[in-house]
$ cat entry-v4.pdb   # PDB, C-alpha atoms and all ligand atoms
ATOM      1  CA  MET H   1      49.304  87.763 181.354
ATOM      2  CA  ALA H   2      46.652  85.863 183.313
ATOM      3  CA  LYS H   3      47.428  82.263 184.175
ATOM      4  CA  LYS H   4      45.825  79.836 181.698
ATOM      5  CA  ILE H   5      43.503  77.337 183.305
ATOM      6  CA  ILE H   6      41.266  74.377 182.434
ATOM      7  CA  ILE H   7      37.519  74.937 182.852
ATOM      8  CA  THR H   8      35.198  71.928 182.910
ATOM      9  CA  ILE H   9      31.438  72.167 182.484
ATOM     10  CA  ASP H  10      29.443  69.018 183.172
ATOM     11  CA  GLY H  11      25.747  68.477 183.605
ATOM     12  CA  TRP H  12      22.487  67.043 182.360
ATOM     13  CA  SER H  13      21.507  66.935 178.686
ATOM     14  CA  SER H  14      20.333  70.243 177.225
ATOM     15  CA  CYS H  15      20.922  72.409 180.252
ATOM     16  CA  GLY H  16      22.908  75.012 178.322
ATOM     17  CA  LYS H  17      26.434  73.714 178.930
ATOM     18  CA  SER H  18      27.641  74.441 175.421
ATOM     19  CA  THR H  19      26.206  77.973 175.458
ATOM     20  CA  VAL H  20      28.107  78.890 178.624
ATOM     21  CA  ALA H  21      31.220  77.029 177.471
ATOM     22  CA  LYS H  22      31.296  78.861 174.120
ATOM     23  CA  GLN H  23      30.645  82.236 175.777
ATOM     24  CA  LEU H  24      33.414  81.680 178.322
ATOM     25  CA  ALA H  25      35.908  80.472 175.710
ATOM     26  CA  LYS H  26      35.216  83.523 173.559
ATOM     27  CA  GLU H  27      35.521  85.899 176.505
ATOM     28  CA  LEU H  28      38.828  84.393 177.636
ATOM     29  CA  GLY H  29      40.317  83.607 174.201
ATOM     30  CA  TYR H  30      40.321  79.901 175.098
ATOM     31  CA  THR H  31      39.598  76.848 172.948
ATOM     32  CA  TYR H  32      36.129  75.335 173.347
ATOM     33  CA  ILE H  33      35.802  71.568 173.045
ATOM     34  CA  ASP H  34      32.391  69.869 172.824
ATOM     35  CA  SER H  35      33.200  66.383 174.132
ATOM     36  CA  GLY H  36      29.631  65.227 173.424
ATOM     37  CA  ALA H  37      30.247  65.864 169.714
ATOM     38  CA  MET H  38      33.017  63.256 169.853
ATOM     39  CA  TYR H  39      30.650  60.600 171.249
ATOM     40  CA  ARG H  40      28.023  61.627 168.696
ATOM     41  CA  ALA H  41      30.494  61.339 165.776
ATOM     42  CA  ILE H  42      31.574  57.883 166.990
ATOM     43  CA  THR H  43      27.889  56.927 167.158
ATOM     44  CA  LEU H  44      27.373  58.103 163.574
ATOM     45  CA  TYR H  45      30.295  55.946 162.434
ATOM     46  CA  PHE H  46      28.947  52.907 164.330
ATOM     47  CA  LEU H  47      25.442  53.301 162.877
ATOM     48  CA  ARG H  48      26.687  53.814 159.326
ATOM     49  CA  ASN H  49      28.967  50.786 159.540
ATOM     50  CA  HIS H  50      26.574  48.543 161.502
ATOM     51  CA  ILE H  51      29.029  48.093 164.363
ATOM     52  CA  ASP H  52      27.756  45.873 167.183
ATOM     53  CA  TRP H  53      28.747  47.951 170.216
ATOM     54  CA  THR H  54      28.148  45.049 172.586
ATOM     55  CA  ASP H  55      31.121  43.257 170.965
ATOM     56  CA  ASP H  56      34.303  44.797 172.395
ATOM     57  CA  MET H  57      36.586  43.416 169.676
ATOM     58  CA  GLU H  58      34.367  44.879 166.971
ATOM     59  CA  VAL H  59      34.282  48.205 168.821
ATOM     60  CA  LYS H  60      38.079  48.317 169.175
ATOM     61  CA  ASN H  61      38.570  47.524 165.465
ATOM     62  CA  ALA H  62      36.076  50.227 164.505
ATOM     63  CA  LEU H  63      37.774  52.811 166.744
ATOM     64  CA  ASN H  64      41.046  52.129 164.883
ATOM     65  CA  GLU H  65      39.324  53.429 161.753
ATOM     66  CA  ILE H  66      38.034  56.631 163.374
ATOM     67  CA  HIS H  67      39.867  59.935 163.249
ATOM     68  CA  LEU H  68      38.199  62.935 164.911
ATOM     69  CA  HIS H  69      39.247  66.557 164.791
ATOM     70  CA  PHE H  70      37.705  69.993 165.317
ATOM     71  CA  GLU H  71      37.989  72.932 162.923
ATOM     72  CA  SER H  72      36.768  76.465 163.301
ATOM     73  CA  ASN H  73      34.098  77.452 160.769
ATOM     74  CA  LEU H  74      35.510  80.530 159.029
ATOM     75  CA  LYS H  75      32.079  82.160 158.686
ATOM     76  CA  SER H  76      30.555  81.556 162.121
ATOM     77  CA  GLY H  77      33.800  81.184 164.075
ATOM     78  CA  GLU H  78      32.245  78.113 165.743
ATOM     79  CA  SER H  79      34.204  74.915 166.218
ATOM     80  CA  GLU H  80      32.881  71.977 164.154
ATOM     81  CA  ILE H  81      33.668  68.282 164.357
ATOM     82  CA  PHE H  82      35.112  66.209 161.508
ATOM     83  CA  LEU H  83      34.834  62.421 161.297
ATOM     84  CA  ASN H  84      37.561  61.057 159.016
ATOM     85  CA  ASP H  85      37.787  64.473 157.332
ATOM     86  CA  GLU H  86      34.008  64.801 156.771
ATOM     87  CA  ASN H  87      32.270  67.681 158.510
ATOM     88  CA  VAL H  88      29.521  65.932 160.536
ATOM     89  CA  GLU H  89      28.647  68.817 162.885
ATOM     90  CA  TYR H  90      25.035  69.009 161.653
ATOM     91  CA  LEU H  91      24.418  65.304 161.027
ATOM     92  CA  ILE H  92      25.258  64.377 164.623
ATOM     93  CA  ARG H  93      22.517  66.616 166.079
ATOM     94  CA  ASP H  94      19.773  64.345 164.706
ATOM     95  CA  LEU H  95      17.487  62.408 167.094
ATOM     96  CA  ILE H  96      18.641  59.148 165.437
ATOM     97  CA  ILE H  97      22.088  59.831 166.891
ATOM     98  CA  ALA H  98      20.711  61.138 170.207
ATOM     99  CA  ASP H  99      18.765  57.897 170.514
ATOM    100  CA  LYS H 100      21.876  55.680 170.560
ATOM    101  CA  VAL H 101      24.691  57.915 171.761
ATOM    102  CA  SER H 102      24.291  57.232 175.485
ATOM    103  CA  ASP H 103      24.510  53.449 174.995
ATOM    104  CA  ILE H 104      27.600  53.753 172.827
ATOM    105  CA  ALA H 105      29.204  56.335 175.140
ATOM    106  CA  ALA H 106      28.727  53.892 178.034
ATOM    107  CA  THR H 107      31.106  51.301 176.541
ATOM    108  CA  ALA H 108      34.532  51.213 178.200
ATOM    109  CA  SER H 109      36.596  51.105 174.979
ATOM    110  CA  VAL H 110      34.781  54.089 173.508
ATOM    111  CA  ARG H 111      35.416  56.080 176.690
ATOM    112  CA  THR H 112      39.104  55.172 176.812
ATOM    113  CA  PHE H 113      39.433  56.290 173.175
ATOM    114  CA  ALA H 114      37.653  59.622 173.678
ATOM    115  CA  VAL H 115      39.129  60.500 177.094
ATOM    116  CA  ALA H 116      42.728  60.031 175.855
ATOM    117  CA  GLN H 117      42.100  62.504 173.020
ATOM    118  CA  GLN H 118      40.345  64.979 175.315
ATOM    119  CA  GLN H 119      43.242  64.934 177.787
ATOM    120  CA  LYS H 120      45.692  65.623 174.948
ATOM    121  CA  MET H 121      43.606  68.618 173.844
ATOM    122  CA  GLY H 122      43.948  70.092 177.335
ATOM    123  CA  SER H 123      47.690  69.580 177.675
ATOM    124  CA  ASN H 124      48.385  73.297 177.079
ATOM    125  CA  LYS H 125      45.465  74.471 179.273
ATOM    126  CA  ALA H 126      43.448  77.533 178.067
ATOM    127  CA  ILE H 127      40.523  75.229 177.327
ATOM    128  CA  VAL H 128      36.820  75.050 178.173
ATOM    129  CA  MET H 129      35.430  71.543 177.737
ATOM    130  CA  ASP H 130      31.851  70.501 178.353
ATOM    131  CA  GLY H 131      30.419  67.013 178.815
ATOM    132  CA  ARG H 132      29.463  64.556 181.534
ATOM    133  CA  ASP H 133      32.744  63.352 183.079
ATOM    134  CA  ILE H 134      35.129  66.198 182.316
ATOM    135  CA  GLY H 135      35.576  67.388 185.920
ATOM    136  CA  THR H 136      35.521  63.874 187.390
ATOM    137  CA  THR H 137      37.566  61.791 184.928
ATOM    138  CA  VAL H 138      39.094  63.783 182.068
ATOM    139  CA  PHE H 139      40.524  66.692 184.088
ATOM    140  CA  PRO H 140      40.139  65.846 187.788
ATOM    141  CA  ASP H 141      42.686  68.588 188.613
ATOM    142  CA  ALA H 142      40.993  71.334 186.579
ATOM    143  CA  GLU H 143      41.211  74.764 188.183
ATOM    144  CA  LEU H 144      37.496  75.527 187.708
ATOM    145  CA  LYS H 145      34.685  72.975 187.559
ATOM    146  CA  ILE H 146      31.097  73.977 186.890
ATOM    147  CA  PHE H 147      28.165  71.557 187.224
ATOM    148  CA  MET H 148      25.164  72.849 185.298
ATOM    149  CA  THR H 149      21.567  72.021 185.859
ATOM    150  CA  ALA H 150      18.075  73.267 184.947
ATOM    151  CA  ASP H 151      14.648  71.754 185.526
ATOM    152  CA  ILE H 152      13.485  69.118 183.042
ATOM    153  CA  ALA H 153      10.585  71.141 181.572
ATOM    154  CA  THR H 154      12.931  74.031 180.777
ATOM    155  CA  ARG H 155      15.483  71.701 179.212
ATOM    156  CA  VAL H 156      12.877  69.951 177.047
ATOM    157  CA  GLU H 157      11.510  73.263 175.843
ATOM    158  CA  ARG H 158      14.954  74.587 174.950
ATOM    159  CA  ARG H 159      15.999  71.448 173.075
ATOM    160  CA  TYR H 160      12.626  71.236 171.279
ATOM    161  CA  LYS H 161      12.927  74.841 170.048
ATOM    162  CA  GLU H 162      16.474  74.238 168.871
ATOM    163  CA  MET H 163      15.496  71.070 166.971
ATOM    164  CA  PHE H 164      12.291  72.575 165.582
ATOM    165  CA  GLU H 165      14.318  75.242 163.769
ATOM    166  CA  LYS H 166      16.094  72.509 161.799
ATOM    167  CA  ASN H 167      13.204  70.049 161.555
ATOM    168  CA  PRO H 168       9.599  71.268 162.043
ATOM    169  CA  ASN H 169       8.407  67.629 162.233
ATOM    170  CA  VAL H 170      10.109  67.027 165.552
ATOM    171  CA  VAL H 171       7.717  65.836 168.302
ATOM    172  CA  LEU H 172       7.932  67.347 171.803
ATOM    173  CA  GLU H 173       7.236  64.006 173.538
ATOM    174  CA  ASP H 174      10.093  62.361 171.588
ATOM    175  CA  VAL H 175      12.476  65.091 172.705
ATOM    176  CA  GLN H 176      11.370  64.705 176.339
ATOM    177  CA  HIS H 177      11.684  60.918 176.207
ATOM    178  CA  ASN H 178      15.171  61.185 174.696
ATOM    179  CA  LEU H 179      16.396  63.622 177.358
ATOM    180  CA  GLU H 180      15.032  61.526 180.225
ATOM    181  CA  MET H 181      16.503  58.342 178.763
ATOM    182  CA  ARG H 182      19.946  59.908 178.246
ATOM    183  CA  ASP H 183      19.975  61.459 181.727
ATOM    184  CA  TYR H 184      19.246  58.020 183.170
ATOM    185  CA  ILE H 185      21.839  56.090 181.124
ATOM    186  CA  ASP H 186      24.517  58.811 181.498
ATOM    187  CA  SER H 187      24.153  58.906 185.282
ATOM    188  CA  HIS H 188      23.816  55.138 185.829
ATOM    189  CA  ARG H 189      26.545  53.698 183.591
ATOM    190  CA  GLU H 190      29.435  51.798 185.168
ATOM    191  CA  VAL H 191      32.311  53.772 183.630
ATOM    192  CA  SER H 192      32.544  57.448 184.661
ATOM    193  CA  PRO H 193      28.843  58.151 185.197
ATOM    194  CA  LEU H 194      27.594  61.721 185.147
ATOM    195  CA  LYS H 195      27.900  63.130 188.651
ATOM    196  CA  LYS H 196      28.962  66.389 190.192
ATOM    197  CA  ALA H 197      32.665  66.464 191.057
ATOM    198  CA  GLU H 198      33.062  67.170 194.774
ATOM    199  CA  ASP H 199      34.806  70.454 194.039
ATOM    200  CA  ALA H 200      32.425  71.567 191.254
ATOM    201  CA  ILE H 201      30.261  74.659 191.630
ATOM    202  CA  VAL H 202      26.582  74.213 190.772
ATOM    203  CA  LEU H 203      25.071  76.618 188.255
ATOM    204  CA  ASP H 204      21.276  76.243 187.934
ATOM    205  CA  ASN H 205      20.149  78.304 184.956
ATOM    206  CA  THR H 206      16.414  77.478 185.030
ATOM    207  CA  ASN H 207      15.573  81.119 185.631
ATOM    208  CA  LEU H 208      18.603  82.805 184.105
ATOM    209  CA  ASP H 209      18.978  84.342 180.676
ATOM    210  CA  MET H 210      22.204  84.007 178.688
ATOM    211  CA  GLU H 211      23.606  87.299 179.896
ATOM    212  CA  GLN H 212      22.986  86.492 183.558
ATOM    213  CA  GLN H 213      24.536  83.047 183.335
ATOM    214  CA  LEU H 214      27.624  84.416 181.557
ATOM    215  CA  LYS H 215      28.077  87.007 184.304
ATOM    216  CA  ILE H 216      28.011  84.279 186.961
ATOM    217  CA  ALA H 217      30.429  82.103 184.982
ATOM    218  CA  ILE H 218      32.878  84.982 184.488
ATOM    219  CA  ASN H 219      32.799  85.759 188.198
ATOM    220  CA  LEU H 220      33.617  82.114 188.892
ATOM    221  CA  VAL H 221      36.625  82.341 186.575
ATOM    222  CA  LYS H 222      37.889  85.440 188.343
ATOM    223  CA  GLN H 223      37.675  83.876 191.800
ATOM    224  CA  PRO H 224      40.350  81.174 191.526
ATOM    225  CA  LEU H 225      42.657  83.573 189.662
ATOM    226  CA  VAL H 226      42.860  86.292 192.336
TER     227      VAL H 226
HETATM  228  O1  LIG S   1      26.478  66.868 175.278
HETATM  229  P1  LIG S   1      25.699  66.018 174.282
HETATM  230  O2  LIG S   1      24.233  65.965 174.542
HETATM  231  O3  LIG S   1      26.013  66.351 172.861
HETATM  232  O4  LIG S   1      26.269  64.529 174.534
HETATM  233  C1  LIG S   1      25.773  63.433 173.826
HETATM  234  C2  LIG S   1      25.932  62.177 174.658
HETATM  235  O5  LIG S   1      27.311  61.838 174.760
HETATM  236  C3  LIG S   1      25.405  62.228 176.079
HETATM  237  O6  LIG S   1      24.072  61.797 176.177
HETATM  238  C4  LIG S   1      26.318  61.307 176.828
HETATM  239  C5  LIG S   1      27.584  61.284 176.037
HETATM  240  N1  LIG S   1      28.676  62.022 176.661
HETATM  241  C6  LIG S   1      29.422  61.362 177.583
HETATM  242  O7  LIG S   1      29.135  60.225 177.921
HETATM  243  N2  LIG S   1      30.514  61.969 178.136
HETATM  244  C7  LIG S   1      30.838  63.221 177.784
HETATM  245  N3  LIG S   1      31.927  63.776 178.336
HETATM  246  C8  LIG S   1      30.054  63.927 176.856
HETATM  247  C9  LIG S   1      28.949  63.311 176.309
END
$ encode --input "entry-v4.pdb" --output "structure tokens"
Amino acid sequence: MAKKIIITIDGWSSCGKSTVAKQLAKELGYTYIDSGAMYRAITLYFLRNHIDWTDDMEVKNALNEIHLHFESNLKSGESEIFLNDENVEYLIRDLIIADKVSDIAATASVRTFAVAQQQKMGSNKAIVMDGRDIGTTVFPDAELKIFMTADIATRVERRYKEMFEKNPNVVLEDVQHNLEMRDYIDSHREVSPLKKAEDAIVLDNTNLDMEQQLKIAINLVKQPLV
């Protein structure tokens, strides 16, 4: 049986990380973990409960009340996130959450909370996790690290289409502004900013379709295993 490894996929917002991560996990029979969903679910809890995320004591107390877990949807087979036993997978994709998530994810206590859980999830390997700091902070010794990128116009278009399907009132300029803002905050924060791990392999999918990018990703998996 092939050796089980940890695969990390980091990169800019909406550059297709989760698509590749899900495809790879399915292909290899691995678990897929969407670390961004964890930060989004925490953000939902903070907004609902009016938590002041600039107050570290308040943040720590709130985190004590948060339990996150993933479950596979029996119909779609996709992994979905639960916040204190409520399925919030769809709620957390809203722009209201996207608007605040980068600020909340930049706080040190929130990161400590999420990273500890992510590391536990990878303790048996056979995992594909996507996010911003997975190859640099969560699993610095991962066997395969991919850093994904695509040009901003392509990313805006993809995210707009995805959001439009759920909400036809979504405005393209709002989507673009949100992506640019998150890219800036995610890559400039003090604690584990988004950056390419030195040993990560860059995958630019601006001009690739899903099939082509999966082929490249699978070839990358094969390389370290031979
Ligand atoms: O991948 P996503 O767009 O769902 O992530 C939402 C936000 O969560 C992103 O803007 C920054 C934050 N995030 C993070 O700080 N670290 C991660 N490992 C994953 C996401």
$ resolve_selection --input "entry-v4.pdb" --expression "the PyMOL selection byres (((not hetatm)) within 6 of (chain S and resi 1))" --output "list in words"
Ser13, Ser35, Gly36, Ala37, Tyr39, Arg40, Val101, Ser102, Ala105, Gly131, Arg132, Asp133, Ile134, Arg182 and Asp186 of chain H
$ closest_atom_pairs --input "entry-v4.pdb" --of "region 73-156 of chain H" --to "region 27-30 of chain H" --cutoff "7 Å" --atoms "all atoms listed in the file" --output "JSON lines"
{"residue": "H:Ala126", "atom": "CA", "partner": "H:Tyr30", "partner_atom": "CA", "distance": 4.9}
{"residue": "H:Ile127", "atom": "CA", "partner": "H:Tyr30", "partner_atom": "CA", "distance": 5.2}
{"residue": "H:Val128", "atom": "CA", "partner": "H:Tyr30", "partner_atom": "CA", "distance": 6.7}
$ closest_residue --input "entry-v4.pdb" --among "H:Asp209, H:Ala142, H:Asp103, H:Lys22" --to "His188 (chain H)" --atoms "all atoms listed in the file"
H:Asp103
$ resolve_selection --input "entry-v4.pdb" --expression "the PyMOL selection byres (((chain H and resi 7) around 9) and not hetatm)" --output "short mmCIF file (atom, residue, chain, number, x, y, z; two decimals) with C-alpha atoms, keeping the file's coordinate frame"
data_model
loop_
_atom_site.label_atom_id
_atom_site.label_comp_id
_atom_site.auth_asym_id
_atom_site.auth_seq_id
_atom_site.Cartn_x
_atom_site.Cartn_y
_atom_site.Cartn_z
CA ILE H 5 43.50 77.34 183.30
CA ILE H 6 41.27 74.38 182.43
CA THR H 8 35.20 71.93 182.91
CA ILE H 9 31.44 72.17 182.48
CA ALA H 21 31.22 77.03 177.47
CA LYS H 125 45.46 74.47 179.27
CA ALA H 126 43.45 77.53 178.07
CA ILE H 127 40.52 75.23 177.33
CA VAL H 128 36.82 75.05 178.17
CA MET H 129 35.43 71.54 177.74
CA ASP H 130 31.85 70.50 178.35
CA GLY H 135 35.58 67.39 185.92
CA PHE H 139 40.52 66.69 184.09
CA ALA H 142 40.99 71.33 186.58
CA GLU H 143 41.21 74.76 188.18
CA LEU H 144 37.50 75.53 187.71
CA LYS H 145 34.68 72.97 187.56
CA ILE H 146 31.10 73.98 186.89
CA VAL H 221 36.62 82.34 186.58
#
$ resolve_selection --input "entry-v4.pdb" --expression "the PyMOL selection byres (((chain H and resi 180) around 12) and not hetatm)" --output "MDAnalysis selection string"
chainID H and resid 12:14 98:99 102 151:153 155:156 173:179 181:187
$ closest_residue --input "entry-v4.pdb" --among "H:Gly77, H:Ala150, H:Gln117, H:Glu71" --to "Asn207 (chain H)" --atoms "all atoms listed in the file"
H:Ala150
$ closest_residue --input "entry-v4.pdb" --among "H:Ala116, H:Met121, H:Leu172, H:Val59" --to "Thr31 (chain H)" --atoms "only C-alpha atoms"
H:Met121
$ closest_residue --input "entry-v4.pdb" --among "H:Glu211, H:Arg111, H:Val20, H:Phe46" --to "Thr137 (chain H)" --atoms "only C-alpha atoms"
H:Arg111
$ closest_residue --input "entry-v4.pdb" --among "H:Asn49, H:Ser18, H:Asn124, H:Asn219" --to "Lys3 (chain H)" --atoms "all atoms listed in the file"
H:Asn124
$ residues_near_point --input "entry-v4.pdb" --point "(32.1, 68.6, 161.3)" --cutoff "12 Å" --atoms "all atoms listed in the file" --output "list in words"
Asp34, Ala37, Met38, Arg40, Ala41, Leu44, His67, Leu68, His69, Phe70, Glu71, Ser72, Asn73, Glu78, Ser79, Glu80, Ile81, Phe82, Leu83, Asn84, Asp85, Glu86, Asn87, Val88, Glu89, Tyr90, Leu91, Ile92 and Arg93 of chain H
$ closest_residue --input "entry-v4.pdb" --among "H:Met210, H:Val202, H:Val110, H:Ile97" --to "Asn61 (chain H)" --atoms "only C-alpha atoms"
H:Val110
$ residues_around --input "entry-v4.pdb" --residues "Gly16 (chain H)" --least-positions-apart "3" --cutoff "8 Å" --atoms "only C-alpha atoms" --output "ChimeraX atom specification"
/H:19-20,148,205
$ atom_distance --input "entry-v4.pdb" --atom1 "CA of Glu165 (chain H)" --atom2 "CA of Thr206 (chain H)"
21.5 Å
$ residues_around --input "entry-v4.pdb" --residues "Asp56 (chain H)" --least-positions-apart "6" --cutoff "10 Å" --atoms "all atoms listed in the file" --output "list in words"
Ala62, Thr107, Ala108, Ser109 and Val110 of chain H
$ decode --input "entry-v4.pdb" --residues "region 101-118 of chain H" --atoms "N, CA, C and O atoms" --output "short mmCIF file (atom, residue, chain, number, x, y, z; two decimals), in the first residue's frame"
data_model
loop_
_atom_site.label_atom_id
_atom_site.label_comp_id
_atom_site.auth_asym_id
_atom_site.auth_seq_id
_atom_site.Cartn_x
_atom_site.Cartn_y
_atom_site.Cartn_z
N VAL H 101 -13.95 37.88 7.92
CA VAL H 101 -13.16 36.70 8.29
C VAL H 101 -11.65 36.95 8.36
O VAL H 101 -10.97 36.43 9.25
N SER H 102 -11.12 37.79 7.47
CA SER H 102 -9.67 37.98 7.48
C SER H 102 -9.21 38.71 8.74
O SER H 102 -8.14 38.40 9.28
N ASP H 103 -10.02 39.67 9.21
CA ASP H 103 -9.66 40.37 10.46
C ASP H 103 -9.67 39.41 11.64
O ASP H 103 -8.76 39.42 12.48
N ILE H 104 -10.71 38.58 11.70
CA ILE H 104 -10.83 37.66 12.83
C ILE H 104 -9.75 36.57 12.76
O ILE H 104 -9.16 36.20 13.77
N ALA H 105 -9.47 36.11 11.53
CA ALA H 105 -8.44 35.07 11.36
C ALA H 105 -7.04 35.61 11.65
O ALA H 105 -6.10 34.84 11.80
N ALA H 106 -6.90 36.93 11.72
CA ALA H 106 -5.57 37.51 11.98
C ALA H 106 -5.27 37.56 13.48
O ALA H 106 -4.13 37.83 13.87
N THR H 107 -6.26 37.29 14.34
CA THR H 107 -6.00 37.40 15.78
C THR H 107 -5.27 36.14 16.28
O THR H 107 -5.61 35.02 15.90
N ALA H 108 -4.29 36.36 17.14
CA ALA H 108 -3.40 35.27 17.57
C ALA H 108 -4.18 34.15 18.26
O ALA H 108 -3.92 32.96 17.99
N SER H 109 -5.12 34.48 19.13
CA SER H 109 -5.83 33.42 19.87
C SER H 109 -6.69 32.56 18.95
O SER H 109 -6.79 31.35 19.14
N VAL H 110 -7.29 33.20 17.95
CA VAL H 110 -8.09 32.44 16.99
C VAL H 110 -7.19 31.47 16.23
O VAL H 110 -7.52 30.30 16.02
N ARG H 111 -6.01 31.93 15.84
CA ARG H 111 -5.10 31.07 15.08
C ARG H 111 -4.61 29.89 15.93
O ARG H 111 -4.56 28.76 15.48
N THR H 112 -4.27 30.17 17.18
CA THR H 112 -3.79 29.09 18.05
C THR H 112 -4.88 28.02 18.16
O THR H 112 -4.60 26.82 18.08
N PHE H 113 -6.12 28.47 18.35
CA PHE H 113 -7.27 27.57 18.49
C PHE H 113 -7.44 26.70 17.24
O PHE H 113 -7.56 25.48 17.32
N ALA H 114 -7.42 27.34 16.08
CA ALA H 114 -7.68 26.60 14.83
C ALA H 114 -6.50 25.70 14.45
O ALA H 114 -6.70 24.54 14.07
N VAL H 115 -5.28 26.21 14.60
CA VAL H 115 -4.10 25.44 14.18
C VAL H 115 -3.98 24.15 15.01
O VAL H 115 -3.69 23.08 14.47
N ALA H 116 -4.25 24.23 16.32
CA ALA H 116 -4.15 23.03 17.17
C ALA H 116 -5.11 21.95 16.67
O ALA H 116 -4.75 20.77 16.57
N GLN H 117 -6.32 22.35 16.29
CA GLN H 117 -7.30 21.37 15.80
C GLN H 117 -6.89 20.81 14.44
O GLN H 117 -7.05 19.62 14.16
N GLN H 118 -6.34 21.68 13.60
CA GLN H 118 -5.91 21.23 12.26
C GLN H 118 -4.77 20.22 12.38
O GLN H 118 -4.74 19.21 11.67
#
